[in-house]
>>> print(open('protein_2.txt').read())   # compact mmCIF, C-alpha atoms and all ligand atoms
# COMPACT_ATOMS: atom_id res chain seq x y z
CA MET A 56 123.67 16.91 13.03
CA ARG A 57 121.92 16.05 9.73
CA GLU A 58 119.64 18.85 8.43
CA ASN A 59 117.59 19.56 5.33
CA GLU A 60 114.83 21.99 4.31
CA THR A 61 112.07 19.93 5.92
CA ILE A 62 113.89 19.62 9.23
CA GLN A 63 114.69 23.34 9.18
CA THR A 64 111.00 24.15 8.60
CA ILE A 65 110.05 21.91 11.55
CA LYS A 66 112.54 23.66 13.82
CA ARG A 67 111.65 27.16 12.63
CA ARG A 68 107.90 26.72 13.18
CA ARG A 69 106.89 28.39 16.41
CA SER A 70 103.51 29.61 17.67
CA THR A 71 102.65 33.09 16.40
CA ARG A 72 100.38 35.15 18.65
CA SER A 73 100.51 38.53 16.93
CA TYR A 74 99.31 39.08 13.37
CA ARG A 75 99.37 41.75 10.71
CA ASP A 76 96.01 42.88 9.35
CA ILE A 77 96.57 41.26 5.95
CA PRO A 78 94.39 38.52 4.42
CA VAL A 79 95.91 35.17 3.50
CA PRO A 80 95.68 34.53 -0.27
CA GLY A 81 93.27 31.76 -1.24
CA ASP A 82 95.87 29.60 -2.98
CA GLU A 83 98.08 29.67 0.14
CA LEU A 84 95.12 28.61 2.25
CA HIS A 85 94.26 25.85 -0.17
CA ALA A 86 97.84 24.56 -0.19
CA ILE A 87 97.84 24.46 3.64
CA ILE A 88 94.55 22.56 3.79
CA GLU A 89 95.73 20.16 1.11
CA ALA A 90 98.88 19.48 3.17
CA GLY A 91 96.54 18.60 6.07
CA MET A 92 94.75 16.08 3.89
CA TYR A 93 98.02 14.24 3.29
CA ALA A 94 98.54 13.52 6.99
CA PRO A 95 98.60 9.94 8.20
CA ASN A 96 95.22 8.79 9.50
CA GLY A 97 93.89 5.85 11.44
CA SER A 98 90.36 5.99 10.08
CA GLY A 99 91.28 4.73 6.61
CA ASP A 100 89.16 7.33 4.81
CA ILE A 101 90.28 10.81 5.75
CA GLU A 102 88.32 12.44 2.90
CA ARG A 103 85.05 11.07 4.22
CA ASN A 104 85.76 11.63 7.91
CA ILE A 105 87.14 15.16 7.98
CA HIS A 106 85.61 18.60 7.57
CA PHE A 107 87.44 21.96 7.49
CA SER A 108 85.77 25.22 8.48
CA VAL A 109 87.84 28.09 7.11
CA ILE A 110 86.69 31.22 8.92
CA GLN A 111 87.75 34.67 7.71
CA ASN A 112 84.58 36.65 8.31
CA ARG A 113 85.43 39.15 11.05
CA ASP A 114 82.00 39.01 12.71
CA MET A 115 82.24 35.23 12.85
CA LEU A 116 85.76 35.37 14.30
CA ARG A 117 84.54 37.87 16.90
CA GLU A 118 81.60 35.65 17.78
CA ILE A 119 83.77 32.56 18.25
CA ASN A 120 86.15 34.51 20.50
CA THR A 121 83.21 35.80 22.56
CA LEU A 122 81.48 32.42 22.88
CA ALA A 123 84.73 30.60 23.70
CA LYS A 124 85.52 33.12 26.43
CA GLU A 125 81.97 32.99 27.82
CA THR A 126 82.22 29.21 28.25
CA ALA A 127 85.79 29.37 29.56
CA ALA A 128 84.78 31.95 32.18
CA LYS A 129 82.48 29.31 33.73
CA SER A 130 85.06 26.51 33.64
CA ASP A 131 86.21 24.47 36.65
CA MET A 132 89.77 25.01 35.47
CA ASP A 133 91.47 28.10 36.87
CA TRP A 134 93.50 28.95 33.75
CA LEU A 135 90.46 28.76 31.49
CA ARG A 136 88.37 30.83 33.91
CA GLU A 137 91.09 33.48 34.16
CA LEU A 138 91.52 33.83 30.39
CA GLY A 139 87.77 33.73 29.83
CA GLY A 140 87.33 36.65 32.21
CA ASN A 141 90.23 38.68 30.84
CA ASP A 142 88.86 41.53 28.70
CA ASP A 143 92.22 42.00 27.00
CA TYR A 144 92.48 38.40 25.87
CA ASN A 145 91.55 37.50 22.30
CA CYS A 146 91.81 33.72 22.03
CA LEU A 147 92.35 34.07 18.25
CA TYR A 148 95.09 36.70 18.68
CA ASN A 149 93.40 38.81 15.95
CA ALA A 150 94.56 36.36 13.28
CA PRO A 151 92.78 36.77 9.91
CA VAL A 152 92.02 33.04 9.55
CA LEU A 153 90.77 30.38 11.94
CA ILE A 154 90.51 26.81 10.69
CA LEU A 155 88.46 24.30 12.63
CA ILE A 156 89.18 20.67 11.97
CA SER A 157 86.10 18.57 12.56
CA TYR A 158 85.98 14.82 12.38
CA ASN A 159 83.44 12.05 12.36
CA GLU A 160 82.85 11.56 16.10
CA ALA A 161 82.30 7.82 15.65
CA GLU A 162 85.92 7.32 14.56
CA VAL A 163 88.14 6.12 17.42
CA CYS A 164 91.17 7.83 15.89
CA ALA A 165 89.51 11.24 15.56
CA VAL A 166 91.81 13.05 18.01
CA TYR A 167 94.96 11.51 16.57
CA ASP A 168 93.92 12.11 12.98
CA CYS A 169 93.00 15.74 13.64
CA SER A 170 96.31 16.25 15.43
CA ALA A 171 98.33 14.88 12.52
CA VAL A 172 96.33 17.05 10.10
CA THR A 173 96.90 20.12 12.28
CA GLN A 174 100.65 19.62 12.50
CA ASN A 175 100.92 19.14 8.72
CA MET A 176 99.06 22.42 8.27
CA LEU A 177 101.29 24.32 10.73
CA LEU A 178 104.37 23.10 8.89
CA ALA A 179 102.91 23.93 5.48
CA ALA A 180 102.10 27.45 6.75
CA GLU A 181 105.65 27.87 8.00
CA SER A 182 107.08 26.67 4.69
CA LEU A 183 105.01 29.35 2.90
CA GLY A 184 106.23 32.13 5.20
CA LEU A 185 103.02 32.31 7.24
CA GLY A 186 102.66 32.35 11.01
CA SER A 187 100.31 29.97 12.79
CA CYS A 188 99.28 28.64 16.17
CA TRP A 189 97.52 25.44 17.20
CA LEU A 190 94.62 26.44 19.45
CA TYR A 191 92.55 24.54 21.98
CA PHE A 192 90.77 27.57 23.41
CA PRO A 193 88.34 28.34 20.52
CA LEU A 194 86.88 24.82 20.89
CA GLN A 195 85.31 26.15 24.08
CA ALA A 196 82.84 27.96 21.81
CA PHE A 197 81.39 24.51 21.07
CA ALA A 198 81.21 23.47 24.71
CA GLY A 199 78.54 25.91 25.87
CA GLY A 200 74.91 26.47 25.02
CA HIS A 201 75.51 27.77 21.48
CA THR A 202 76.92 24.60 19.93
CA ASP A 203 73.97 23.75 17.66
CA ALA A 204 73.71 27.30 16.28
CA LEU A 205 77.45 27.44 15.56
CA VAL A 206 77.48 23.99 13.96
CA THR A 207 74.61 25.07 11.68
CA GLN A 208 76.22 28.42 10.82
CA LEU A 209 79.49 26.70 9.89
CA HIS A 210 77.85 23.82 7.98
CA ILE A 211 79.65 21.23 10.09
CA PRO A 212 78.14 17.89 8.99
CA ALA A 213 75.91 15.90 11.36
CA GLY A 214 77.93 13.53 13.53
CA PHE A 215 81.08 15.64 13.18
CA LYS A 216 82.75 17.62 15.96
CA PRO A 217 85.65 20.12 16.00
CA PHE A 218 88.63 18.37 17.63
CA SER A 219 91.34 20.83 16.72
CA SER A 220 91.87 24.36 15.46
CA LEU A 221 94.61 26.62 14.22
CA ILE A 222 95.04 30.24 13.26
CA ILE A 223 97.06 31.42 10.28
CA GLY A 224 98.30 34.80 9.10
CA TYR A 225 101.30 36.97 8.49
CA GLY A 226 103.13 37.33 11.80
CA GLU A 227 103.84 40.72 13.31
CA THR A 228 107.47 39.88 14.04
CA GLY A 229 109.82 38.45 11.46
CA VAL A 230 112.45 37.03 13.79
CA THR A 231 111.96 33.55 15.18
CA ARG A 232 113.85 32.42 18.25
CA ILE A 233 114.28 28.67 17.97
CA PRO A 234 114.34 27.14 21.47
CA ARG A 235 117.01 24.65 22.41
CA ARG A 236 115.89 21.06 22.66
CA THR A 237 118.37 18.71 24.28
CA ALA A 238 118.58 15.00 23.59
CA ARG A 239 118.61 13.96 27.26
CA ASN A 240 115.29 12.11 27.09
CA ILE A 241 116.20 9.66 24.32
CA PHE A 242 117.17 6.04 24.89
CA TYR A 243 118.60 3.95 22.05
CA ALA A 244 118.65 0.18 22.62
C1 LIG B 301 96.91 20.63 21.59
C2 LIG B 301 97.45 22.04 21.65
C3 LIG B 301 96.62 23.05 22.09
C4 LIG B 301 97.09 24.36 22.14
N1 LIG B 301 96.23 25.35 22.52
C5 LIG B 301 96.68 26.63 22.57
C6 LIG B 301 95.77 27.68 22.92
O1 LIG B 301 94.58 27.48 23.16
N2 LIG B 301 96.27 28.94 22.97
C7 LIG B 301 97.58 29.22 22.68
O2 LIG B 301 97.96 30.38 22.73
N3 LIG B 301 98.45 28.24 22.32
C8 LIG B 301 98.04 26.97 22.26
N4 LIG B 301 98.89 25.96 21.85
C9 LIG B 301 100.28 26.29 21.46
C10 LIG B 301 101.28 25.89 22.52
O3 LIG B 301 101.20 26.79 23.61
C11 LIG B 301 102.70 25.89 21.90
O4 LIG B 301 102.74 25.00 20.82
C12 LIG B 301 103.77 25.52 22.91
O5 LIG B 301 103.87 26.49 23.92
C13 LIG B 301 105.15 25.36 22.24
O6 LIG B 301 105.53 26.55 21.58
P1 LIG B 301 105.84 26.54 20.01
O7 LIG B 301 104.59 26.15 19.27
O8 LIG B 301 106.25 27.94 19.70
O9 LIG B 301 106.93 25.54 19.78
C14 LIG B 301 98.44 24.66 21.78
C15 LIG B 301 99.26 23.62 21.31
C16 LIG B 301 98.77 22.33 21.23
C17 LIG B 301 99.65 21.25 20.68
>>> encode(input="protein_2.txt", output="structure tokens")
Amino acid sequence: MRENETIQTIKRRRSTRSYRDIPVPGDELHAIIEAGMYAPNGSGDIERNIHFSVIQNRDMLREINTLAKETAAKSDMDWLRELGGNDDYNCLYNAPVLILISYNEAEVCAVYDCSAVTQNMLLAAESLGLGSCWLYFPLQAFAGGHTDALVTQLHIPAGFKPFSSLIIGYGETGVTRIPRRTARNIFYA
């Protein structure tokens, strides 16, 4: 099987859910965000349509965890309700950095574009020796009654909405177990 450094990085990247209490240096963060900006996009003008909220303030991280869980606890979905009501659950896994990726809501490709940006960022983090995890759960913080206050606090531009989020930090464990992926669901014509 053909392999190179990029393919190895893709395979090595796994979700990290336990972090060391160490900040991520600014130039590492910047490199990760820049990698996101180089993702393919369907909107034609990613620089105009995207907004990153880089959250490192501990009070803010705590607030987002609390608000996300509050909303989740009232969800119709069992798994969200269970996690929302679990006192031991921190939806940010105590990571030092949460990045929200907001996009111009009017763009039809917003979800796809944010997804491509997120994956680029996860891979960039992995390539720099940082752990990361793509997260849906924190977006719940924007689905309850505190949306406007949060949007203002985070300077998310009018008409933009967070579609995706990820956490980044130095992982607690150094060993990555790469799962096996078989090729049984591929058809070549
Ligand atoms: C759209 C999306 C949303 C996700 N949301 C969460 C989440 O809220 N919490 C979480 O712990 N993991 C979340 N994940 C991570 C997945 O659980 C993880 O990627 C999957 O189990 C595969 O494991 P791996 O990333 O280690 O390959 C999410 C992943 C994606 C792509």
>>> closest_atom_pairs(input="protein_2.txt", of="chain A", to="ligand LIG 301 (chain B)", cutoff="9 Å", atoms="only C-alpha atoms and all ligand atoms", output="tab-separated table")
residue	atom	partner	partner_atom	distance
A:Lys66	CA	B:LIG301	O9	8.4
A:Arg67	CA	B:LIG301	O9	8.7
A:Arg68	CA	B:LIG301	O9	6.8
A:Arg69	CA	B:LIG301	O8	3.4
A:Ser70	CA	B:LIG301	O8	3.8
A:Thr71	CA	B:LIG301	O8	7.1
A:Arg72	CA	B:LIG301	O2	6.7
A:Cys146	CA	B:LIG301	N2	6.6
A:Leu147	CA	B:LIG301	N2	8.0
A:Tyr148	CA	B:LIG301	O2	8.0
A:Ser170	CA	B:LIG301	C1	7.6
A:Thr173	CA	B:LIG301	C17	8.9
A:Gln174	CA	B:LIG301	C17	8.4
A:Ser187	CA	B:LIG301	O7	8.7
A:Cys188	CA	B:LIG301	C9	5.9
A:Trp189	CA	B:LIG301	C14	4.7
A:Leu190	CA	B:LIG301	N1	3.6
A:Tyr191	CA	B:LIG301	O1	3.8
A:Phe192	CA	B:LIG301	O1	3.8
A:Pro193	CA	B:LIG301	O1	6.8
A:Leu194	CA	B:LIG301	O1	8.5
A:Ser219	CA	B:LIG301	C1	7.4
A:Ser220	CA	B:LIG301	C3	8.3
A:Leu221	CA	B:LIG301	N1	8.6
A:Arg232	CA	B:LIG301	O8	8.9
A:Ile233	CA	B:LIG301	O9	8.2
A:Pro234	CA	B:LIG301	O9	7.8
>>> closest_residue(input="protein_2.txt", among="A:Val79, A:Arg103, A:Tyr225, A:Arg236", to="A:Glu162", atoms="all atoms listed in the file")
A:Arg103
>>> residues_around(input="protein_2.txt", residues="stretch 81-87 of chain A", least_positions_apart="4", cutoff="8 Å", atoms="only C-alpha atoms", output="PyMOL selection string")
chain A and resi 91+175-177+179-180+183
>>> atom_distance(input="protein_2.txt", atom1="atom CA of A:Arg113", atom2="atom CA of A:Leu135")
23.5 Å
>>> residues_around(input="protein_2.txt", residues="A:Ile223", least_positions_apart="3", cutoff="7 Å", atoms="only C-alpha atoms", output="MDAnalysis selection string")
chainID A and resid 150:153 185:188
>>> closest_residue(input="protein_2.txt", among="A:Thr64, A:Ala196, A:Ala90, A:Asp168", to="A:Arg117", atoms="only C-alpha atoms")
A:Ala196
>>> axis_aligned_box(input="protein_2.txt", around="stretch 99-104 of chain A", padding_each_side="8 Å", output="lines of an AutoDock Vina configuration file")
center_x = 88.2
center_y = 8.6
center_z = 5.4
size_x = 22.2
size_y = 23.7
size_z = 21.0
>>> atom_distance(input="protein_2.txt", atom1="atom CA of A:Gly139", atom2="atom CA of A:Glu118")
13.7 Å
>>> atom_distance(input="protein_2.txt", atom1="atom CA of A:Ala165", atom2="atom CA of A:Gln195")
17.7 Å
>>> closest_residue(input="protein_2.txt", among="A:Leu138, A:Tyr158, A:Ala127, A:Phe197", to="A:Asp100", atoms="all atoms listed in the file")
A:Tyr158
>>> closest_atom_pairs(input="protein_2.txt", of="stretch 107-131 of chain A", to="stretch 200-203 of chain A", cutoff="12 Å", atoms="only C-alpha atoms", output="JSON lines")
{"residue": "A:Glu118", "atom": "CA", "partner": "A:His201", "partner_atom": "CA", "distance": 10.6}
{"residue": "A:Ile119", "atom": "CA", "partner": "A:His201", "partner_atom": "CA", "distance": 10.1}
{"residue": "A:Thr121", "atom": "CA", "partner": "A:His201", "partner_atom": "CA", "distance": 11.2}
{"residue": "A:Leu122", "atom": "CA", "partner": "A:His201", "partner_atom": "CA", "distance": 7.7}
{"residue": "A:Ala123", "atom": "CA", "partner": "A:His201", "partner_atom": "CA", "distance": 9.9}
{"residue": "A:Glu125", "atom": "CA", "partner": "A:Gly200", "partner_atom": "CA", "distance": 10.0}
{"residue": "A:Thr126", "atom": "CA", "partner": "A:Gly200", "partner_atom": "CA", "distance": 8.4}
{"residue": "A:Lys129", "atom": "CA", "partner": "A:Gly200", "partner_atom": "CA", "distance": 11.9}
>>> closest_residue(input="protein_2.txt", among="A:Gly226, A:Pro217, A:Gly97, A:Pro78", to="A:Ser157", atoms="all atoms listed in the file")
A:Pro217
